[in-house]
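Q: Dropping in coords38.txt, with compact mmCIF, C-alpha atoms.
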# COMPACT_ATOMS: atom_id res chain seq x y z
CA MET L 1482 0.00 0.00 0.00
CA PRO L 1483 1.37 3.44 -0.88
CA PRO L 1484 1.73 6.01 1.91
CA ASP L 1485 -1.15 8.35 2.60
CA PHE L 1486 1.12 11.41 2.55
CA THR L 1487 4.27 12.36 0.66
CA LEU L 1488 6.36 15.23 1.99
CA TYR L 1489 8.96 16.94 -0.18
CA CYS L 1490 11.68 17.80 2.29
CA PHE L 1491 15.33 17.68 3.31
CA ALA L 1492 16.92 17.34 6.73
CA GLN L 1493 18.30 20.87 7.05
CA SER L 1494 14.97 22.60 6.40
CA GLY L 1495 13.27 23.82 9.55
CA ASN L 1496 10.15 24.66 7.59
CA ALA L 1497 9.95 21.11 6.26
CA TYR L 1498 10.54 19.85 9.80
CA LYS L 1499 7.37 21.61 10.98
CA ALA L 1500 5.30 19.50 8.58
CA ALA L 1501 7.30 16.30 9.10
CA LEU L 1502 7.00 16.58 12.87
CA MET L 1503 3.23 17.11 12.64
CA LEU L 1504 2.90 14.01 10.47
CA ASN L 1505 4.95 11.97 12.91
CA LEU L 1506 3.15 13.20 16.01
CA CYS L 1507 -0.18 12.34 14.38
CA GLY L 1508 0.97 8.83 13.51
CA ALA L 1509 0.43 9.45 9.81
CA LYS L 1510 1.50 6.97 7.18
CA TRP L 1511 3.91 9.17 5.26
CA THR L 1512 7.08 9.05 3.24
CA PRO L 1513 9.70 11.74 2.70
CA ARG L 1514 10.65 12.63 -0.84
CA PHE L 1515 14.21 13.98 -0.62
CA VAL L 1516 14.71 17.35 -2.32
CA ASP L 1517 18.34 18.03 -3.24
CA PHE L 1518 18.19 21.71 -2.33
CA PHE L 1519 21.95 22.18 -2.02
CA ASN L 1520 22.51 20.97 -5.56
CA GLY L 1521 19.82 23.29 -6.90
CA GLU L 1522 16.80 21.05 -7.39
CA THR L 1523 14.29 23.68 -6.22
CA ARG L 1524 15.68 26.14 -8.76
CA THR L 1525 15.08 23.88 -11.73
CA ALA L 1526 12.32 24.58 -14.22
CA GLU L 1527 11.03 21.03 -13.73
CA TYR L 1528 10.61 21.43 -9.96
CA ARG L 1529 8.91 24.81 -10.33
CA ALA L 1530 6.61 23.55 -13.05
CA ASN L 1531 5.72 20.19 -11.52
CA VAL L 1532 6.12 20.53 -7.73
CA ASN L 1533 6.04 24.12 -6.46
CA GLU L 1534 6.11 27.29 -8.52
CA MET L 1535 7.64 29.09 -5.53
CA GLY L 1536 10.71 26.85 -5.65
CA GLU L 1537 10.47 25.88 -1.98
CA VAL L 1538 9.92 23.05 0.47
CA PRO L 1539 7.90 21.73 2.16
CA VAL L 1540 5.33 20.43 -0.27
CA LEU L 1541 2.71 17.94 0.92
CA GLU L 1542 0.88 15.57 -1.40
CA HIS L 1543 -2.31 13.96 -0.10
CA ALA L 1544 -5.52 12.69 -1.67
CA GLY L 1545 -4.84 14.37 -5.00
CA LYS L 1546 -3.94 17.68 -3.35
CA ARG L 1547 -0.57 19.39 -3.34
CA LEU L 1548 -0.01 21.96 -0.61
CA SER L 1549 2.91 24.30 0.07
CA GLN L 1550 3.88 26.73 2.84
CA SER L 1551 4.38 25.18 6.26
CA GLY L 1552 1.57 27.14 7.95
CA VAL L 1553 -0.95 25.97 5.36
CA ILE L 1554 0.24 22.37 5.68
CA LEU L 1555 0.03 22.49 9.48
CA GLN L 1556 -3.52 23.84 9.36
CA TYR L 1557 -4.54 21.23 6.80
CA LEU L 1558 -3.12 18.39 8.91
CA ALA L 1559 -4.67 19.76 12.10
CA GLU L 1560 -8.09 19.71 10.46
CA HIS L 1561 -7.50 16.30 8.86
CA PHE L 1562 -6.42 14.58 12.09
CA GLY L 1563 -8.39 16.74 14.52
CA ARG L 1564 -5.23 17.23 16.59
CA PHE L 1565 -3.04 20.11 17.80
CA GLN L 1566 -5.93 22.51 17.41
CA GLY L 1567 -7.08 25.35 19.66
CA ASP L 1568 -8.10 28.99 19.38
CA LYS L 1569 -7.59 29.40 15.63
CA PHE L 1570 -6.96 33.14 15.80
CA GLU L 1571 -4.39 32.83 18.56
CA ILE L 1572 -2.70 30.03 16.63
CA LEU L 1573 -2.71 32.08 13.43
CA ARG L 1574 -1.31 35.09 15.30
CA TRP L 1575 1.71 33.08 16.44
CA ILE L 1576 2.26 31.30 13.13
CA LEU L 1577 2.31 34.62 11.28
CA TRP L 1578 4.62 36.11 13.91
CA ASP L 1579 6.90 33.09 13.64
CA ASN L 1580 7.21 33.32 9.88
CA HIS L 1581 7.83 37.06 9.92
CA LYS L 1582 9.82 37.61 13.12
CA LEU L 1583 11.52 34.35 14.06
CA THR L 1584 11.89 31.68 11.37
CA SER L 1585 12.78 34.23 8.70
CA TYR L 1586 15.73 35.62 10.65
CA ILE L 1587 16.97 32.30 12.05
CA ALA L 1588 16.80 30.52 8.70
CA THR L 1589 18.71 33.34 7.00
CA LEU L 1590 21.44 33.54 9.63
CA ARG L 1591 21.86 29.77 9.92
CA TYR L 1592 22.15 29.45 6.15
CA MET L 1593 24.79 32.16 6.05
CA VAL L 1594 27.02 31.07 8.92
CA THR L 1595 26.62 27.27 8.92
CA LEU L 1596 25.41 25.99 5.58
CA ALA L 1597 26.73 28.40 2.93
CA LYS L 1598 29.36 30.28 4.98
CA VAL L 1599 28.64 33.63 3.36
CA GLY L 1600 27.76 37.15 4.44
CA GLU L 1601 29.46 39.95 6.34
CA PRO L 1602 29.95 39.90 10.15
CA ALA L 1603 27.87 43.07 10.47
CA VAL L 1604 24.97 41.38 8.70
CA HIS L 1605 25.31 38.34 10.96
CA GLU L 1606 25.22 40.52 14.05
CA PHE L 1607 22.18 42.44 12.78
CA LEU L 1608 20.31 39.15 12.31
CA ARG L 1609 21.42 37.87 15.73
CA GLY L 1610 20.02 41.03 17.29
CA ARG L 1611 16.67 40.50 15.60
CA ILE L 1612 16.63 36.85 16.65
CA ARG L 1613 17.50 37.67 20.25
CA GLY L 1614 14.69 40.22 20.37
CA SER L 1615 12.16 37.69 19.09
CA LEU L 1616 13.38 34.96 21.42
CA THR L 1617 13.02 37.37 24.32
CA ILE L 1618 9.37 37.94 23.36
CA LEU L 1619 8.75 34.19 23.18
CA ASP L 1620 10.55 33.49 26.45
CA LEU L 1621 8.50 36.13 28.27
CA HIS L 1622 5.29 34.76 26.75
CA LEU L 1623 6.10 31.28 28.05
CA LYS L 1624 5.99 32.63 31.61
CA LYS L 1625 2.22 32.73 31.20
CA THR L 1626 1.49 29.42 29.52
CA PRO L 1627 3.17 26.01 29.08
CA PHE L 1628 2.57 26.05 25.34
CA VAL L 1629 2.37 28.97 22.97
CA ALA L 1630 -1.40 29.07 22.48
CA GLY L 1631 -2.56 27.63 25.78
CA ALA L 1632 -2.30 24.66 28.11
CA GLU L 1633 -1.90 22.07 25.34
CA PRO L 1634 0.44 21.93 22.32
CA THR L 1635 -0.93 23.19 19.01
CA ILE L 1636 0.39 23.74 15.52
CA ALA L 1637 1.61 27.14 16.75
CA ASP L 1638 4.21 25.31 18.84
CA LEU L 1639 5.16 23.09 15.90
CA SER L 1640 5.66 26.15 13.73
CA LEU L 1641 7.73 28.06 16.26
CA CYS L 1642 10.01 25.16 17.15
CA GLY L 1643 10.94 24.38 13.55
CA TYR L 1644 14.44 25.92 13.64
CA LEU L 1645 15.06 25.83 17.38
CA TYR L 1646 16.58 22.37 17.76
CA TRP L 1647 19.84 23.65 16.20
CA PRO L 1648 20.79 26.57 18.52
CA ASP L 1649 24.51 26.03 17.97
CA GLU L 1650 24.01 26.43 14.22
CA PHE L 1651 22.79 30.02 14.57
CA GLY L 1652 24.83 31.00 17.61
CA MET L 1653 22.36 30.98 20.51
CA ARG L 1654 22.55 29.37 23.93
CA TRP L 1655 19.35 28.34 25.68
CA ALA L 1656 20.84 29.36 29.02
CA GLU L 1657 19.79 32.87 27.96
CA PHE L 1658 16.22 31.70 27.43
CA PRO L 1659 15.42 29.05 30.05
CA LEU L 1660 11.67 29.04 29.43
CA ILE L 1661 12.23 28.32 25.75
CA GLU L 1662 14.59 25.50 26.70
CA ALA L 1663 11.95 24.00 29.01
CA TRP L 1664 9.23 24.40 26.37
CA LEU L 1665 11.38 22.63 23.76
CA ALA L 1666 11.91 19.81 26.25
CA ARG L 1667 8.13 19.50 26.69
CA LEU L 1668 7.70 19.25 22.93
CA SER L 1669 10.49 16.70 22.53
CA ALA L 1670 8.78 14.55 25.17
CA LEU L 1671 5.66 14.18 22.99
CA PRO L 1672 5.17 10.63 21.62
CA GLY L 1673 6.44 10.60 18.05
CA TRP L 1674 8.92 13.46 18.41
CA VAL L 1675 12.10 12.90 16.40
CA HIS L 1676 15.01 15.30 15.81
CA PRO L 1677 14.96 16.79 12.28
CA TYR L 1678 18.27 15.20 11.32
CA GLN L 1679 16.79 11.78 12.06
CA LEU L 1680 13.28 12.46 10.75
CA MET L 1681 14.11 13.64 7.21
CA PRO L 1682 16.70 12.53 4.62
CA GLY L 1683 19.79 14.49 3.63
CA HIS L 1684 21.95 14.65 6.77
CA PRO L 1685 24.87 15.03 6.62
CA LEU L 1686 24.92 17.40 3.68
CA PRO L 1687 25.13 15.61 0.33
CA GLU L 1688 28.26 16.02 -1.73
CA LYS L 1689 28.25 18.83 -4.25
CA LYS L 1690 27.81 17.61 -7.80
CA ALA L 1691 30.67 18.29 -10.16
Output the file's structure as structure tokens, nothing else.
A:
Amino acid sequence: MPPDFTLYCFAQSGNAYKAALMLNLCGAKWTPRFVDFFNGETRTAEYRANVNEMGEVPVLEHAGKRLSQSGVILQYLAEHFGRFQGDKFEILRWILWDNHKLTSYIATLRYMVTLAKVGEPAVHEFLRGRIRGSLTILDLHLKKTPFVAGAEPTIADLSLCGYLYWPDEFGMRWAEFPLIEAWLARLSALPGWVHPYQLMPGHPLPEKKA
């Protein structure tokens, strides 16, 4: 029997991890389809024509549908499985904040300093300042609630944690943000949690093609 879900992903993508983690936590029958991002697969005309015109991962295939953007995929899966739901407006508020104020900065800095090794030190420090400011907001918020949108985990948590299991790769130490560290531990204790480097294919980085 073929899997119910196919997820286009690769191990270094925090956005793909959000969707992969949701699938795993829900006990879905799914298979990863490795995307060779570092050798340019998402930039090819074939990928953009046949998989995702935006040239990105994740992409989820299910029941004849093809969905992109991690927030859309998370919402789709939450409705499909009836899990990790809550106040939809509070969840949406945090997912939008994550994509604009947290994931965007972390993903950019991590790519520069760890994966591509590019960019100027001043740019790196600017991004670290933005990240630290956002992490401070999240850490303070977690004084009020064990999970981001209430007493139970929701897809808001799964969105926000997407890039946070690699703090060394973007130069942060959780000793600065103890409530975030404790929250991440609560999430990693959920049945079905797996670290991104074990959950998706492509780690360590594939060799560059000649």
Q: Would you mind listing what lies within 7 Å of L:Ile1612 as a PyMOL selection string, with only C-alpha atoms counted and same-chain residues fewer than 5 positions away left out?
A: chain L and resi 1583+1586-1587
Q: Pick out the residues sitting within 10 Å of stretch 1590-1607 of chain L, and hand them over as a short mmCIF file (atom, residue, chain, number, x, y, z; two decimals) with C-alpha atoms, keeping the file's coordinate frame; count all atoms listed in the file, and ignore anything fewer than 5 positions along from it in its own chain.
A:
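Printed below is around.cif as written:
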data_model
loop_
_atom_site.label_atom_id
_atom_site.label_comp_id
_atom_site.auth_asym_id
_atom_site.auth_seq_id
_atom_site.Cartn_x
_atom_site.Cartn_y
_atom_site.Cartn_z
CA GLN L 1493 18.30 20.87 7.05
CA SER L 1494 14.97 22.60 6.40
CA PHE L 1519 21.95 22.18 -2.02
CA THR L 1584 11.89 31.68 11.37
CA SER L 1585 12.78 34.23 8.70
CA ILE L 1612 16.63 36.85 16.65
CA TYR L 1644 14.44 25.92 13.64
CA TRP L 1647 19.84 23.65 16.20
CA PRO L 1648 20.79 26.57 18.52
CA ASP L 1649 24.51 26.03 17.97
CA GLU L 1650 24.01 26.43 14.22
CA PHE L 1651 22.79 30.02 14.57
CA GLY L 1652 24.83 31.00 17.61
CA LEU L 1686 24.92 17.40 3.68
#
Q: L:Ala1663, L:Gly1508, L:Lys1582, L:Gly1563: which is nearest L:Gly1614, counting only C-alpha atoms?
A: L:Lys1582
Q: Of the candidates L:His1581, L:Glu1657, L:Glu1662, L:Glu1534, which shows the shortest atom-to-atom distance to L:Arg1611, using only C-alpha atoms?
A: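 Answer, going by the shortest atom-to-atom distance: L:His1581.
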Q: Rounded to one decimal in Å, what is the spacing between atom CA of L:Pro1513 and atom CA of L:Cys1490?
A: 6.4 Å
Q: Counting all atoms listed in the file, which residue out of L:Thr1589, L:Met1535, L:Phe1518, L:Asp1485 sits closest to L:His1561?
A: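 Going through L:Thr1589, L:Met1535, L:Phe1518, L:Asp1485 one by one, the smallest distance to L:His1561 is for L:Asp1485.
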